[in-house]
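Notes follow the structure.
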Amino acid sequence: MKKKLVAGNWKMNGSLASNEALLKEVRDALPLSCEGAVFCSAVYLPQVQGFLAGSAWSYGVQDVSCYAQGAYTGDLAVSMVREFGATMTLVGHSERRTYHGESSELVAKKAVAALEGGLTPVVCIGESLHEREQALTFDTIAAQLDPVIEKASPFLANQCWPLIFAYEPVWAIGTGRTATPEQAQEVHAFIRNRFATCLGVAVAAGVKILYGGSVKAENAKALFAQADVDGALVGGAALQAKEFIGILNATLG
Ligand code: PEP
């Protein structure tokens, strides 16, 4: 049985004091039914490492460079992140695609850089409201997914797909408007079928596909009950210990 993964994306939030309070509350709240991860701002990695290293939690950052090192002012190399015990990174979050103009090709390169450097990338994909209203959801998802499948396929080992996807409809991120469980399931099934076509049914079955977009304790259970929803990427609600723990506990069924 694949364990569900619940991951918190702190975005550009937090302080030493608020992180400490949050980490102290959530650290021991991870149920056995669930894997947990935290994506903090890079500057807080040593603090997060101090609280979570040696626990069942994973942690990482919200973006990495596609380059190993060099003259890339302001960027963060995978090897730097690894030095602080991180094992994961987000790539391609819609806020980076929108505010930093990141293309799906660049996102795929970042995913490969993460894999080469020993981090598990969580690749975020999702359609805008306009694309959904124009019936372009599946075209958009395919265009974001395919470069990653193509570039990451050489890393496939023992039928095991090396990275995680997060389906995050842009219209649901930070808006309080969650996709219905049926809408989420429809797109997750599309993603899994695309994997099955490219890489085979066995690989597709093992791929973790998270849902993200206004997940809260009250809607998590219905989302987790969907056949192809393997967990959640949580923004706002991951900053409130009670709400985040409620989402972790929703994996208990
Ligand atoms: C996110 O930032 O990945 C996210 C899903 O945010 P929120 O849960 O606040 O919608």
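Residue numbers start at 1 in each chain; chains themselves are named A, B, ... in the order of the structure tokens; ligands are numbered from 1 in the order shown.
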
Any residue with an atom at most 6 Å from ligand 1 counts, using only C-alpha atoms and all ligand atoms. Which are they? Put them as a PDB file with C-alpha atoms, in the first residue's frame.
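Resulting contents of pocket27.pdb:
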ATOM      1  CA  ASN A   9       4.548  24.645   1.255  1.00  0.00           C
ATOM      2  CA  ALA A 172      -7.665  26.791  -6.495  1.00  0.00           C
ATOM      3  CA  ILE A 173      -4.343  27.991  -5.039  1.00  0.00           C
ATOM      4  CA  GLY A 174      -4.825  30.368  -2.144  1.00  0.00           C
ATOM      5  CA  GLY A 212      -2.938  21.022  -4.094  1.00  0.00           C
ATOM      6  CA  GLY A 213      -5.246  24.017  -3.934  1.00  0.00           C
ATOM      7  CA  SER A 214      -7.009  25.234  -0.789  1.00  0.00           C
ATOM      8  CA  VAL A 215      -6.793  21.867   0.985  1.00  0.00           C
ATOM      9  CA  LEU A 233       0.449  19.805  -1.182  1.00  0.00           C
ATOM     10  CA  VAL A 234      -0.806  22.374   1.291  1.00  0.00           C
ATOM     11  CA  GLY A 235      -0.093  26.111   1.320  1.00  0.00           C
ATOM     12  CA  GLY A 236      -2.007  28.363   3.700  1.00  0.00           C
TER      13      GLY A 236
END

Next on the checklist: Taking the DSSP secondary structure from the backbone, can you list the residues of range 7-244 of chain A that are helix (DSSP H, G or I), as a PyMOL selection string?
Outcome noted: chain A and resi 16-26+42-52+78-82+94-99+104-117+129-133+137-155+170-172+181-199+201-206+217-224+236-239+241-244

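By chain and then residue number, the residues within 10 Å of Arg194 in chain A are A:Ala142, A:Leu145, A:Asp146, A:Ile149, A:His188, A:Gly200, A:Val201, A:Ala204, counting only C-alpha atoms and disregarding those fewer than 6 positions away in sequence.
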
Checklist entry - Which residues come within 9 Å of Val107 in chain A, counting only C-alpha atoms, excluding same-chain residues fewer than 6 positions away, as JSON, numbers by chain? => result {"A": [66, 91, 92, 97, 123, 144, 147, 148]}

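CA of Val48 in chain A lies 29.6 Å from CA of Ser103 in chain A.
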
Checklist entry - Rounded to one decimal in Å, what is the spacing between CA of Val207 in chain A and CA of Ile164 in chain A? => result 6.6 Å

Next on the checklist: For Lys3 in chain A, find every residue with an atom within 12 Å (counting only C-alpha atoms), except residues of its own chain fewer than 6 positions away, and show them as a ChimeraX atom specification.
Outcome noted: /A:31-36,206-210,224,229-232,248,251-253

Checklist entry - Quick one: residues within 12 Å of Trp10 in chain A, only C-alpha atoms counted, chain neighbours fewer than 5 positions away excluded, as a ChimeraX atom specification? => result /A:15,18-19,22-23,37-42,44,48,59-62,90,174,233-240,244

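Rounded to one decimal, CA of Ala21 in chain A and CA of Leu76 in chain A lie 26.4 Å from each other.
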
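Those residues that approach Lys151 in chain A to within 10 Å, counting only C-alpha atoms, are A:Glu105, A:Ala108, A:Lys109, A:Ala111, A:Val112, A:Asp146, A:Pro147, A:Phe155; same-chain residues fewer than 4 positions away are not listed.
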
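Of the listed residues A:Ser79, A:Thr120, A:Thr175, A:Thr98, the one whose atoms come nearest to Ser58 in chain A is A:Thr120, with distances taken using only C-alpha atoms.
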
Item to check | DSSP strand (DSSP E or B) selection over range 39-212 of chain A, as a PyMOL selection string | outcome: chain A and resi 39+58-61+88-91+120-125+157+160+164-167+209-212
